[in-house]
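Containing mmCIF, C-alpha atoms: entry.cif.
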```
data_run
#
loop_
_atom_site.label_atom_id
_atom_site.label_comp_id
_atom_site.auth_asym_id
_atom_site.auth_seq_id
_atom_site.Cartn_x
_atom_site.Cartn_y
_atom_site.Cartn_z
CA MET A 877 -79.81 -19.33 89.44
CA ILE A 878 -82.78 -20.52 91.53
CA THR A 879 -83.58 -23.20 88.93
CA ARG A 880 -79.96 -24.34 88.83
CA ALA A 881 -79.78 -24.51 92.63
CA ILE A 882 -82.95 -26.65 92.76
CA LYS A 883 -81.54 -28.95 90.09
CA VAL A 884 -78.23 -29.39 91.90
CA VAL A 885 -79.77 -30.00 95.35
CA GLY A 886 -82.57 -32.23 94.06
CA ARG A 887 -80.33 -34.32 91.81
CA MET A 888 -77.63 -34.77 94.43
CA GLY A 889 -80.27 -35.78 96.96
CA VAL A 890 -81.58 -38.51 94.65
CA LEU A 891 -78.02 -39.64 93.88
CA LEU A 892 -77.25 -39.90 97.59
CA GLY A 893 -80.50 -41.82 98.10
CA SER A 894 -79.56 -44.40 95.45
CA TYR A 895 -76.15 -44.92 97.07
CA ILE A 896 -77.71 -45.32 100.54
CA MET A 897 -80.16 -47.86 99.12
CA TYR A 898 -77.25 -49.79 97.56
CA ARG A 899 -75.33 -49.83 100.87
CA ARG A 900 -78.41 -50.88 102.85
CA ILE A 901 -78.95 -53.91 100.61
CA ILE A 902 -75.34 -54.97 101.18
CA GLN A 903 -75.76 -54.51 104.93
CA TYR A 904 -78.88 -56.71 104.85
CA GLY A 905 -76.77 -59.57 103.54
CA ALA A 906 -75.76 -59.17 99.90
CA VAL A 907 -72.33 -59.05 98.28
CA ASP A 908 -71.37 -56.95 95.30
CA ALA A 909 -69.54 -59.61 93.31
CA LEU A 910 -70.89 -58.41 89.98
CA THR A 911 -68.57 -58.28 86.98
CA GLY A 912 -68.82 -56.46 83.70
CA GLN A 913 -70.14 -57.51 80.31
CA ASN A 914 -70.91 -55.65 77.05
CA LEU A 915 -68.34 -53.14 78.24
CA LEU A 916 -67.92 -51.33 74.93
CA ALA A 917 -71.35 -49.72 75.40
CA PRO A 918 -70.48 -47.98 78.71
CA VAL A 919 -66.86 -47.34 77.66
CA LEU A 920 -67.93 -45.52 74.50
CA TYR A 921 -70.53 -43.59 76.48
CA GLY A 922 -67.72 -42.58 78.80
CA GLY A 923 -65.73 -41.51 75.73
CA TYR A 924 -68.66 -39.32 74.68
CA LEU A 925 -68.67 -37.66 78.12
CA LEU A 926 -64.89 -37.23 78.10
CA LEU A 927 -65.07 -35.49 74.74
CA GLY A 928 -67.86 -33.32 76.13
CA PHE A 929 -65.68 -32.41 79.11
CA ALA A 930 -62.75 -31.58 76.83
CA SER A 931 -65.05 -29.35 74.78
CA PHE A 932 -65.15 -26.89 77.68
CA MET A 933 -61.88 -25.57 76.18
CA TRP A 934 -63.63 -24.43 73.01
CA SER A 935 -67.27 -24.10 74.12
CA THR A 936 -69.01 -20.87 73.20
CA ASN A 937 -70.64 -20.84 76.67
CA VAL A 938 -68.58 -22.80 79.19
CA GLY A 939 -71.04 -22.29 82.06
CA TYR A 940 -73.96 -23.77 80.16
CA SER A 941 -71.89 -26.66 78.77
CA ALA A 942 -70.58 -27.44 82.25
CA LEU A 943 -74.07 -27.43 83.80
CA GLN A 944 -75.40 -29.83 81.15
CA TRP A 945 -72.33 -32.08 81.39
CA PHE A 946 -72.43 -32.37 85.17
CA MET A 947 -76.17 -33.13 85.19
CA THR A 948 -75.69 -35.86 82.59
CA SER A 949 -72.71 -37.34 84.46
CA GLN A 950 -74.53 -37.19 87.79
CA THR A 951 -77.47 -39.08 86.29
CA LEU A 952 -75.10 -41.81 85.10
CA VAL A 953 -73.73 -42.28 88.64
CA PHE A 954 -77.28 -42.51 89.97
CA CYS A 955 -78.09 -45.20 87.38
CA TYR A 956 -74.97 -47.14 88.36
CA PHE A 957 -76.02 -47.59 91.99
CA PHE A 958 -79.72 -47.93 91.16
CA ILE A 959 -79.20 -50.80 88.72
CA LYS A 960 -76.65 -52.49 90.98
CA SER A 961 -79.25 -52.47 93.75
CA LEU A 962 -81.73 -54.27 91.51
CA TYR A 963 -79.13 -56.86 90.51
CA LEU A 964 -78.23 -57.54 94.16
CA LEU A 965 -81.91 -57.97 95.05
CA ASP A 966 -82.34 -60.43 92.16
CA GLU A 967 -79.30 -62.46 93.19
CA TYR A 968 -79.74 -62.63 96.96
CA PHE A 969 -83.48 -62.13 97.42
CA PRO A 970 -85.01 -63.58 94.24
CA GLY A 971 -88.60 -63.51 95.49
CA HIS A 972 -88.61 -59.75 96.06
CA PRO A 973 -91.47 -57.81 94.40
CA THR A 974 -89.35 -55.02 92.87
CA ARG A 975 -89.20 -54.94 89.07
CA LEU A 976 -87.59 -52.25 86.93
CA TYR A 977 -90.53 -52.01 84.52
CA ASN A 978 -92.95 -51.71 87.45
CA LEU A 979 -90.88 -48.90 88.98
CA LEU A 980 -90.70 -47.00 85.69
CA GLY A 981 -94.41 -47.51 84.99
CA ASN A 982 -95.54 -46.38 88.43
CA SER A 983 -93.13 -43.43 88.54
CA SER A 984 -94.33 -42.22 85.14
CA PHE A 985 -97.94 -42.66 86.23
CA ALA A 986 -97.35 -40.61 89.39
CA LEU A 987 -95.78 -37.75 87.42
CA LEU A 988 -98.45 -37.79 84.72
CA LEU A 989 -101.21 -37.90 87.36
CA ILE A 990 -99.91 -34.60 88.74
CA PHE A 991 -100.29 -33.04 85.30
CA VAL A 992 -103.73 -34.57 84.72
CA ILE A 993 -104.97 -33.18 88.04
CA GLY A 994 -103.25 -29.89 87.29
CA MET A 995 -104.90 -29.53 83.88
CA TRP A 996 -108.28 -29.39 85.63
CA THR A 997 -107.32 -27.41 88.73
CA ALA A 998 -104.80 -24.94 87.27
CA PRO A 999 -105.05 -24.99 83.46
CA ASP A 1000 -103.08 -21.72 83.04
CA VAL A 1001 -100.09 -23.38 84.68
CA PHE A 1002 -100.28 -26.87 83.19
CA PHE A 1003 -101.21 -25.99 79.59
CA ARG A 1004 -99.09 -24.36 76.92
CA MET A 1005 -100.91 -22.43 74.21
CA THR A 1006 -99.49 -22.87 70.71
CA HIS A 1007 -100.40 -21.81 67.15
CA GLY A 1008 -101.41 -18.33 68.24
CA GLY A 1009 -103.46 -19.58 71.18
CA GLU A 1010 -105.53 -21.99 69.09
CA GLU A 1011 -104.13 -25.19 70.62
CA ALA A 1012 -103.56 -26.06 74.28
CA ARG A 1013 -100.95 -28.73 75.05
CA LEU A 1014 -100.47 -30.37 78.42
CA GLY A 1015 -97.10 -29.61 79.97
CA GLY A 1016 -97.14 -25.84 79.96
CA TYR A 1017 -93.78 -24.35 80.79
CA LEU A 1018 -93.21 -26.96 83.50
CA MET A 1019 -92.25 -29.57 80.90
CA ASN A 1020 -91.97 -29.75 77.15
CA PRO A 1021 -95.21 -31.43 75.92
CA ASN A 1022 -93.28 -33.80 73.66
CA GLU A 1023 -91.05 -34.90 76.54
CA LEU A 1024 -94.13 -35.34 78.72
CA GLY A 1025 -95.60 -37.51 75.95
CA MET A 1026 -92.42 -39.57 75.86
CA LEU A 1027 -92.71 -40.06 79.62
CA ALA A 1028 -96.24 -41.37 79.08
CA GLY A 1029 -94.84 -43.80 76.50
CA ILE A 1030 -92.28 -45.06 79.01
CA GLY A 1031 -95.09 -45.58 81.52
CA VAL A 1032 -97.10 -47.54 78.97
CA ALA A 1033 -94.06 -49.70 78.17
CA GLY A 1034 -93.56 -50.52 81.86
CA LEU A 1035 -97.18 -51.12 82.81
CA LEU A 1036 -97.83 -53.44 79.86
CA PHE A 1037 -95.47 -55.89 81.56
CA ASP A 1038 -97.61 -55.69 84.71
CA LEU A 1039 -100.62 -56.42 82.53
CA LYS A 1040 -98.80 -59.32 80.92
CA ARG A 1041 -98.03 -60.95 84.29
CA ASP A 1042 -101.58 -60.22 85.52
CA HIS A 1043 -100.34 -57.95 88.31
CA LYS A 1044 -103.33 -56.05 89.80
CA ARG A 1045 -105.03 -56.01 86.40
CA GLY A 1046 -107.85 -53.58 87.21
CA TRP A 1047 -105.52 -51.04 88.82
CA THR A 1048 -102.99 -51.42 85.99
CA ILE A 1049 -105.66 -50.82 83.34
CA PHE A 1050 -106.77 -47.68 85.21
CA LYS A 1051 -103.19 -46.38 85.22
CA LEU A 1052 -102.84 -47.09 81.51
CA ILE A 1053 -106.04 -45.13 80.82
CA ILE A 1054 -104.66 -42.13 82.73
CA LEU A 1055 -101.39 -42.35 80.79
CA PHE A 1056 -103.17 -42.44 77.44
CA TYR A 1057 -105.41 -39.56 78.46
CA ALA A 1058 -102.35 -37.51 79.40
CA LEU A 1059 -100.63 -38.52 76.16
CA TYR A 1060 -103.66 -37.32 74.19
CA ALA A 1061 -103.64 -34.01 76.09
CA THR A 1062 -99.97 -33.36 75.24
CA GLY A 1063 -100.84 -33.38 71.53
CA SER A 1064 -97.49 -35.06 70.84
CA ARG A 1065 -97.63 -36.84 67.48
CA SER A 1066 -94.28 -38.59 67.91
CA SER A 1067 -95.16 -39.88 71.39
CA LEU A 1068 -98.50 -41.22 70.16
CA ILE A 1069 -96.75 -43.12 67.37
CA GLY A 1070 -94.26 -44.46 69.91
CA ALA A 1071 -97.00 -45.67 72.27
CA LEU A 1072 -98.85 -47.44 69.43
CA LEU A 1073 -95.60 -49.11 68.32
CA ILE A 1074 -94.96 -50.32 71.88
CA ILE A 1075 -98.42 -51.88 72.03
CA GLY A 1076 -97.97 -53.52 68.65
CA PHE A 1077 -94.57 -54.82 69.72
CA HIS A 1078 -96.09 -56.41 72.84
CA VAL A 1079 -98.97 -57.91 70.89
CA ARG A 1080 -96.54 -59.51 68.48
CA GLN A 1081 -94.39 -60.97 71.25
CA SER A 1082 -97.20 -62.18 73.52
CA SER A 1083 -98.35 -65.80 73.55
CA ASN A 1084 -101.49 -64.94 75.58
CA LYS A 1085 -104.35 -65.00 73.06
CA LYS A 1086 -106.83 -63.30 75.40
CA LEU A 1087 -104.38 -60.48 76.11
CA LYS A 1088 -103.68 -60.12 72.39
CA ALA A 1089 -107.39 -59.86 71.65
CA LEU A 1090 -107.93 -57.30 74.45
CA ILE A 1091 -105.06 -55.08 73.32
CA PHE A 1092 -105.98 -55.39 69.65
CA ALA A 1093 -109.59 -54.38 70.37
CA GLY A 1094 -108.38 -51.40 72.37
CA MET A 1095 -106.11 -50.30 69.52
CA LEU A 1096 -108.98 -50.55 67.02
CA LEU A 1097 -111.05 -48.22 69.20
CA VAL A 1098 -108.34 -45.72 70.09
CA THR A 1099 -106.12 -45.47 67.00
CA PRO A 1100 -108.54 -43.83 64.50
CA VAL A 1101 -109.63 -41.16 66.98
CA ALA A 1102 -106.07 -40.53 68.19
CA VAL A 1103 -104.66 -40.24 64.68
CA HIS A 1104 -107.45 -37.87 63.59
CA LYS A 1105 -107.24 -35.67 66.69
CA VAL A 1106 -103.51 -35.68 67.50
CA ILE A 1107 -101.67 -36.35 64.24
CA LEU A 1108 -104.04 -34.85 61.66
CA LYS A 1109 -105.42 -32.21 64.08
CA ASP A 1110 -109.03 -32.71 62.94
CA GLY A 1111 -107.96 -32.76 59.30
CA ASP A 1112 -106.77 -29.11 59.27
CA THR A 1113 -104.92 -28.70 55.95
CA SER A 1114 -102.44 -26.23 57.43
CA ARG A 1115 -101.50 -28.81 60.05
CA LEU A 1116 -100.94 -31.37 57.29
CA GLU A 1117 -98.31 -29.04 55.88
CA GLU A 1118 -96.68 -29.02 59.33
CA ILE A 1119 -96.40 -32.79 59.25
CA MET A 1120 -94.65 -32.70 55.87
CA SER A 1121 -92.02 -30.28 57.21
CA MET A 1122 -92.03 -31.85 60.70
CA THR A 1123 -93.29 -28.50 62.12
CA GLY A 1124 -90.43 -26.62 60.50
CA ARG A 1125 -87.70 -28.95 61.66
CA LEU A 1126 -86.59 -30.11 58.18
CA PRO A 1127 -85.68 -26.58 56.96
CA PHE A 1128 -83.95 -25.93 60.29
CA TRP A 1129 -81.85 -29.11 60.01
CA LYS A 1130 -80.96 -28.27 56.42
CA ALA A 1131 -79.76 -24.83 57.50
CA LEU A 1132 -77.73 -26.34 60.36
CA ILE A 1133 -75.92 -28.68 57.98
CA ASN A 1134 -75.39 -26.11 55.22
CA GLU A 1135 -74.53 -23.07 57.33
CA GLY A 1136 -73.69 -24.14 60.89
CA LEU A 1137 -71.72 -27.36 60.55
CA PRO A 1138 -69.07 -26.02 58.11
CA ARG A 1139 -67.98 -23.50 60.76
CA GLU A 1140 -66.92 -26.20 63.28
CA PRO A 1141 -67.12 -29.58 61.49
CA LEU A 1142 -64.62 -31.66 63.46
CA LEU A 1143 -65.23 -30.93 67.17
CA GLY A 1144 -68.34 -28.75 67.14
CA PHE A 1145 -69.25 -25.67 69.18
CA GLY A 1146 -68.96 -27.29 72.63
CA PHE A 1147 -71.13 -29.55 74.74
CA MET A 1148 -74.82 -28.70 74.05
CA ARG A 1149 -73.91 -25.66 71.96
CA ILE A 1150 -75.03 -25.32 68.33
CA ASP A 1151 -73.62 -21.92 67.37
CA TYR A 1152 -71.26 -19.17 68.52
CA LYS A 1153 -74.33 -17.29 69.78
CA GLU A 1154 -77.09 -18.49 72.09
CA TYR A 1155 -79.42 -19.21 69.15
CA PHE A 1156 -78.81 -20.47 65.64
CA GLN A 1157 -80.92 -18.73 63.03
CA SER A 1158 -80.83 -18.91 59.26
CA ALA A 1159 -82.49 -16.38 57.00
CA HIS A 1160 -85.32 -18.83 56.32
CA THR A 1161 -85.77 -20.61 59.69
CA TYR A 1162 -86.87 -19.89 63.23
CA PRO A 1163 -84.19 -19.21 65.89
CA GLY A 1164 -83.29 -22.34 67.86
CA LYS A 1165 -81.20 -23.03 70.95
CA MET A 1166 -81.32 -26.79 70.37
CA THR A 1167 -81.69 -28.85 67.20
CA HIS A 1168 -84.84 -30.90 67.98
CA ASN A 1169 -82.90 -34.02 66.97
CA THR A 1170 -80.47 -35.69 69.35
CA PHE A 1171 -78.14 -36.93 66.61
CA MET A 1172 -78.03 -33.52 64.95
CA GLN A 1173 -77.36 -32.08 68.42
CA VAL A 1174 -74.28 -34.27 68.81
CA LEU A 1175 -73.09 -33.37 65.31
CA MET A 1176 -73.31 -29.65 66.09
CA ASN A 1177 -71.89 -29.67 69.62
CA LEU A 1178 -69.15 -32.32 69.21
CA GLY A 1179 -68.73 -32.50 65.44
CA PHE A 1180 -67.94 -35.55 63.35
CA VAL A 1181 -65.75 -36.96 66.13
CA GLY A 1182 -68.68 -36.93 68.55
CA ILE A 1183 -71.24 -38.40 66.15
CA THR A 1184 -68.82 -41.25 65.31
CA ILE A 1185 -68.45 -42.14 69.01
CA VAL A 1186 -72.20 -41.95 69.57
CA THR A 1187 -72.98 -44.12 66.53
CA PHE A 1188 -70.72 -46.95 67.66
CA GLN A 1189 -71.95 -46.56 71.24
CA MET A 1190 -75.52 -47.22 70.11
CA ILE A 1191 -74.46 -50.18 67.97
CA PHE A 1192 -72.83 -51.88 70.95
CA THR A 1193 -75.79 -51.00 73.19
CA PHE A 1194 -78.21 -52.79 70.86
CA ARG A 1195 -75.74 -55.65 70.56
CA GLY A 1196 -75.77 -56.03 74.35
CA ILE A 1197 -79.57 -55.89 74.49
CA PHE A 1198 -79.95 -58.73 71.98
CA ARG A 1199 -77.64 -60.87 74.12
CA GLU A 1200 -80.03 -60.69 77.10
CA ASN A 1201 -82.75 -63.22 77.87
CA GLU A 1202 -86.13 -62.79 76.18
CA GLU A 1203 -87.88 -60.92 79.03
CA LYS A 1204 -85.06 -58.42 79.53
CA LYS A 1205 -84.65 -57.96 75.78
CA LEU A 1206 -88.38 -57.25 75.34
CA MET A 1207 -88.37 -54.81 78.26
CA LEU A 1208 -85.32 -52.88 77.07
CA LEU A 1209 -86.50 -52.69 73.46
CA SER A 1210 -89.92 -51.48 74.66
CA LEU A 1211 -88.23 -48.71 76.62
CA LEU A 1212 -86.09 -47.71 73.66
CA ILE A 1213 -89.00 -47.28 71.24
CA PRO A 1214 -90.31 -43.98 72.75
CA LEU A 1215 -86.74 -42.85 73.46
CA ILE A 1216 -85.55 -43.24 69.88
CA ILE A 1217 -88.69 -41.62 68.44
CA ASN A 1218 -88.36 -38.69 70.85
CA SER A 1219 -84.69 -38.44 69.90
CA LEU A 1220 -85.65 -37.78 66.28
CA THR A 1221 -87.79 -34.75 67.15
CA GLU A 1222 -86.73 -33.40 70.58
CA PHE A 1223 -83.94 -33.45 73.18
CA GLY A 1224 -83.44 -37.19 73.02
CA ILE A 1225 -80.87 -39.49 74.53
CA PHE A 1226 -77.86 -37.27 73.73
CA GLY A 1227 -79.48 -33.87 74.05
CA GLU A 1228 -79.90 -31.36 76.84
CA SER A 1229 -80.59 -32.91 80.25
CA ASN A 1230 -83.98 -34.66 80.21
CA TYR A 1231 -85.79 -37.87 81.13
CA GLY A 1232 -84.66 -39.54 77.90
CA ILE A 1233 -81.02 -39.41 79.02
CA LEU A 1234 -81.94 -41.00 82.37
CA PHE A 1235 -83.81 -43.89 80.73
CA TYR A 1236 -81.09 -44.50 78.13
CA GLN A 1237 -78.42 -44.58 80.83
CA LEU A 1238 -80.52 -47.10 82.77
CA VAL A 1239 -80.50 -49.31 79.66
CA ILE A 1240 -76.72 -48.98 79.22
CA VAL A 1241 -75.96 -49.82 82.84
CA TYR A 1242 -78.54 -52.63 82.90
CA ILE A 1243 -76.72 -54.58 80.18
CA CYS A 1244 -73.20 -54.17 81.56
CA PHE A 1245 -73.47 -56.34 84.73
CA LYS A 1246 -73.53 -60.07 85.33
CA ARG A 1247 -72.97 -62.40 88.28
CA GLY A 1248 -69.31 -62.73 89.25
CA PRO A 1249 -67.46 -66.06 89.06
CA ALA A 1250 -66.51 -66.32 92.74
CA LEU A 1251 -66.62 -64.60 96.12
CA THR A 1252 -63.48 -63.24 97.75
CA PRO A 1253 -62.62 -64.32 101.32
CA LYS A 1254 -63.66 -60.87 102.56
CA GLN A 1255 -67.03 -61.17 100.84
CA ARG A 1256 -67.57 -64.67 102.26
CA ILE A 1257 -66.84 -63.38 105.77
CA HIS A 1258 -69.32 -60.54 105.23
CA LEU A 1259 -72.01 -63.04 104.24
CA MET A 1260 -71.29 -65.25 107.22
CA LYS A 1261 -71.69 -62.26 109.54
CA ARG A 1262 -74.83 -60.88 107.92
CA ARG A 1263 -76.40 -64.18 106.96
CA PRO A 1264 -75.43 -66.72 109.65
CA GLU A 1265 -77.64 -69.34 107.99
CA LEU A 1266 -75.36 -69.28 104.97
CA HIS A 1267 -72.90 -72.18 104.83
CA LEU A 1268 -70.03 -71.80 102.40
CA THR A 1269 -67.40 -74.43 101.74
CA ALA A 1270 -63.84 -73.50 100.94
CA GLY A 1271 -63.48 -72.05 97.45
CA THR A 1272 -67.25 -71.79 96.94
CA ASP A 1273 -68.23 -70.41 93.54
CA SER A 1274 -70.94 -67.75 93.77
CA THR A 1275 -72.81 -69.43 90.94
CA GLN A 1276 -73.37 -72.44 93.21
CA MET A 1277 -75.61 -70.45 95.51
CA THR A 1278 -79.38 -70.38 95.37
CA ALA A 1279 -81.73 -68.36 97.51
CA ILE A 1280 -84.99 -69.14 99.22
CA PRO A 1281 -87.64 -66.79 97.72
CA TYR A 1282 -88.20 -63.53 99.54
CA SER A 1283 -91.37 -63.54 101.67
CA GLY A 1284 -91.26 -60.16 103.36
CA ASN A 1285 -88.20 -60.65 105.57
CA ILE A 1286 -84.56 -60.89 104.60
CA ASN A 1287 -84.13 -64.59 103.93
CA ILE A 1288 -81.54 -67.31 103.64
CA VAL A 1289 -79.01 -68.17 100.95
CA LYS A 1290 -78.00 -71.85 100.89
CA THR A 1291 -75.57 -73.87 98.84
CA GLN A 1292 -76.91 -76.41 96.41
#
```

Show this structure as structure tokens.
Amino acid sequence: MITRAIKVVGRMGVLLGSYIMYRRIIQYGAVDALTGQNLLAPVLYGGYLLLGFASFMWSTNVGYSALQWFMTSQTLVFCYFFIKSLYLLDEYFPGHPTRLYNLLGNSSFALLLIFVIGMWTAPDVFFRMTHGGEEARLGGYLMNPNELGMLAGIGVAGLLFDLKRDHKRGWTIFKLIILFYALYATGSRSSLIGALLIIGFHVRQSSNKKLKALIFAGMLLVTPVAVHKVILKDGDTSRLEEIMSMTGRLPFWKALINEGLPREPLLGFGFMRIDYKEYFQSAHTYPGKMTHNTFMQVLMNLGFVGITIVTFQMIFTFRGIFRENEEKKLMLLSLLIPLIINSLTEFGIFGESNYGILFYQLVIVYICFKRGPALTPKQRIHLMKRRPELHLTAGTDSTQMTAIPYSGNINIVKTQ
């Protein structure tokens, strides 16, 4: 109950903060004239949430389903106002320093820095012992080590853009080193693979030969050690067997499909429920409260109806991403790499409430807005009051407006 109270108060506080930020930007002299695009992605995501809400009627634990559903829905509302704020800044104050990838990179760095400091000052709290106490993984019981590794991957994806635009290069490289050190300490194989794929993706897309050479040299130094230590676990043959079975996940998924799914194939056991009991356990698998695969999670908790909605939702999300300009497309695809990999082995983008859901919702909302065709009379009056330097002619189209770059103060929008 204490944990749930903290979650509710903390999450609602952040949601309220994002709405206040959105309103403050409008009061400074912006107008929310944004219209929708790529609407099938958010509409289908809404359909997924509606089906989850309806599943309360047959959920095997309504309280738990409701808690997970409300946290996921609350995060979506936060993303709505957060992304709208960024769009309004881009449109009315185009010289502002705020960038989504910079925010995600710095936020991830701040969170990982807490764990890195904690691993030295309070190792009993910040480490989780696994394999009978033989292996210590950063994260402890504060956060799942694999999710912490995914968070490091998101930070790497964001900060590589700062490196690309030569933004405080020395400081950015230091932050990347901390993120990779934390990633190594989590012992997360999937997150390490995701981070290496992100770097390779950036190297392939970059036209900066010096940056390519720098990143490539770093990968040559880091990859062999990381693979040997994190993935192969110093070449331990028993750990190699773990890799082949994905640490027992493959037998667990097989049991879910063969034994669990036939019980409730159409609509599942209820939102974030995978059995009639708290844990699913086959005769030959470990007991599990979640499936360690976000797509399997949907299949079990919302059945074939849910997995069909989710599949088409992802198709239209990727379709919307590929319609964006090159910078946005590269940023969003970079963010999705660690999310999709984490989704194959952990909570993922459709699992129990986690950072992956937040980042995926940011992507969905980010692709569903565009500049509106025209301002309403009420919006034009608002601009004239808040931005007296703005001169609008009758019937002005909002696409005719350009803005003087932001230089630290709220600046002027003029007509072309």

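Residue nearest A:Arg1195 within the list A:Leu952, A:Leu915, A:Met933, A:Ile1069: A:Leu915 [criterion: smallest interatomic distance, all atoms listed in the file].
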
(request) Just give me the gap between atom CA of A:Leu976 and atom CA of A:Ile1197 in Å, one decimal is fine. (result) 15.2 Å

(request) Excluding A:Arg975 and any residue of its chain fewer than 3 positions from it, enumerate the residues within 8 Å of it, using only C-alpha atoms, and give them as a VMD selection string. (result) chain A and resid 962 978 to 979

(request) Write out as a list in words which residues come within 10 Å of A:Glu1140 when counting all atoms listed in the file, dropping same-chain ones fewer than 2 positions away. (result)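 After dropping sequence-adjacent residues, the list is Gly1136, Leu1137, Pro1138, Leu1142, Leu1143, Gly1144, Phe1145, Gly1146, Ile1150, Asp1151, Tyr1152, Leu1175, Met1176, Asn1177, Leu1178, Gly1179 and Phe1180 of chain A.
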
Restricted to C-alpha atoms, what would the selected residues look like written as a PDB file, in the coordinates of the input?
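File produced: result-v1.pdb:
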```pdb
ATOM      1  CA  GLY A1136     -73.690 -24.140  60.890  1.00  0.00           C
ATOM      2  CA  LEU A1137     -71.720 -27.360  60.550  1.00  0.00           C
ATOM      3  CA  PRO A1138     -69.070 -26.020  58.110  1.00  0.00           C
ATOM      4  CA  LEU A1142     -64.620 -31.660  63.460  1.00  0.00           C
ATOM      5  CA  LEU A1143     -65.230 -30.930  67.170  1.00  0.00           C
ATOM      6  CA  GLY A1144     -68.340 -28.750  67.140  1.00  0.00           C
ATOM      7  CA  PHE A1145     -69.250 -25.670  69.180  1.00  0.00           C
ATOM      8  CA  GLY A1146     -68.960 -27.290  72.630  1.00  0.00           C
ATOM      9  CA  ILE A1150     -75.030 -25.320  68.330  1.00  0.00           C
ATOM     10  CA  ASP A1151     -73.620 -21.920  67.370  1.00  0.00           C
ATOM     11  CA  TYR A1152     -71.260 -19.170  68.520  1.00  0.00           C
ATOM     12  CA  LEU A1175     -73.090 -33.370  65.310  1.00  0.00           C
ATOM     13  CA  MET A1176     -73.310 -29.650  66.090  1.00  0.00           C
ATOM     14  CA  ASN A1177     -71.890 -29.670  69.620  1.00  0.00           C
ATOM     15  CA  LEU A1178     -69.150 -32.320  69.210  1.00  0.00           C
ATOM     16  CA  GLY A1179     -68.730 -32.500  65.440  1.00  0.00           C
ATOM     17  CA  PHE A1180     -67.940 -35.550  63.350  1.00  0.00           C
TER      18      PHE A1180
END
```

(request) List the residues selected by the PyMOL selection byres ((chain A and resi 1238) around 8) in the file shown, writing them as a ChimeraX atom specification. (result) /A:952,955-956,959,1234-1237,1239-1242

Please write the residues from the selection above to a file, keeping C-alpha atoms, as an mmCIF file, in the frame of the given file.
```cif
data_model
loop_
_atom_site.group_PDB
_atom_site.id
_atom_site.type_symbol
_atom_site.label_atom_id
_atom_site.label_comp_id
_atom_site.auth_asym_id
_atom_site.auth_seq_id
_atom_site.Cartn_x
_atom_site.Cartn_y
_atom_site.Cartn_z
ATOM 1 C CA LEU A 952 -75.100 -41.810 85.100
ATOM 2 C CA CYS A 955 -78.090 -45.200 87.380
ATOM 3 C CA TYR A 956 -74.970 -47.140 88.360
ATOM 4 C CA ILE A 959 -79.200 -50.800 88.720
ATOM 5 C CA LEU A 1234 -81.940 -41.000 82.370
ATOM 6 C CA PHE A 1235 -83.810 -43.890 80.730
ATOM 7 C CA TYR A 1236 -81.090 -44.500 78.130
ATOM 8 C CA GLN A 1237 -78.420 -44.580 80.830
ATOM 9 C CA VAL A 1239 -80.500 -49.310 79.660
ATOM 10 C CA ILE A 1240 -76.720 -48.980 79.220
ATOM 11 C CA VAL A 1241 -75.960 -49.820 82.840
ATOM 12 C CA TYR A 1242 -78.540 -52.630 82.900
#
```

Do a neighbour search on stretch 1208-1211 of chain A at 6 Å with only C-alpha atoms, toss out local chain neighbours closer than 5 positions, and write the hits as a PDB file with C-alpha atoms, in the coordinates of the input.
```
ATOM      1  CA  ILE A1030     -92.280 -45.060  79.010  1.00  0.00           C
ATOM      2  CA  ALA A1033     -94.060 -49.700  78.170  1.00  0.00           C
ATOM      3  CA  ILE A1074     -94.960 -50.320  71.880  1.00  0.00           C
TER       4      ILE A1074
END
```

(message) I'd like to know which of A:Thr1161, A:Ser961, A:Thr1099, A:Thr1170 is closest to A:Leu1072, using all atoms listed in the file.
(response)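 Answer, going by the shortest atom-to-atom distance: A:Thr1099.
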
(request) Record the distance separating atom CA of A:Gly1034 and atom CA of A:Asn1020, expressed in Å with one decimal. (result)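 Value for the atom CA of A:Gly1034-atom CA of A:Asn1020 distance: 21.4 Å.
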
(request) Just say which residues the PyMOL selection byres ((chain A and resi 902) around 12) picks in this file, as a PyMOL selection string. (result) chain A and resi 895-901+903-909+957+960-965+967-969+1255+1258-1259+1261-1263+1286

(request) For each of A:Ala1028, A:Met947, A:Ala1061, A:Leu1096, take the minimum atom-to-atom distance to A:Ser1229, counting all atoms listed in the file, then give the residue where this is smallest. (result)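 Using all atoms listed in the file, A:Ser1229 sits closest to A:Met947.
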
(request) Could you jot down the atom CA of A:Val1174 to atom CA of A:Ser1067 separation for me, Å, one decimal place? (result)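 Interatomic distance here is 21.8 Å.
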
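Residues in contact with A:Phe946 at up to 12 Å, not including ones fewer than 5 positions away on its chain and judged by all atoms listed in the file, are Arg880, Lys883, Val884, Arg887, Met888, Leu925, Leu926, Gly928, Phe929, Phe932, Val938, Gly939, Tyr940, Ser941, Thr951, Leu952, Val953, Phe1147, Met1148, Glu1228 and Ser1229 of chain A.
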
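Distances to A:Arg1247 were evaluated for A:Met1260, A:Val890, A:Leu910, A:Leu927 using only C-alpha atoms, and the minimum falls at A:Leu910.
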
(message) Given the PyMOL selection byres ((chain A and resi 1190) around 12) and the file above, list the residues it selects as a ChimeraX atom specification.
(response) /A:914,916-921,924,1171,1183-1189,1191-1197,1212,1216,1225-1226,1236-1237,1239-1240
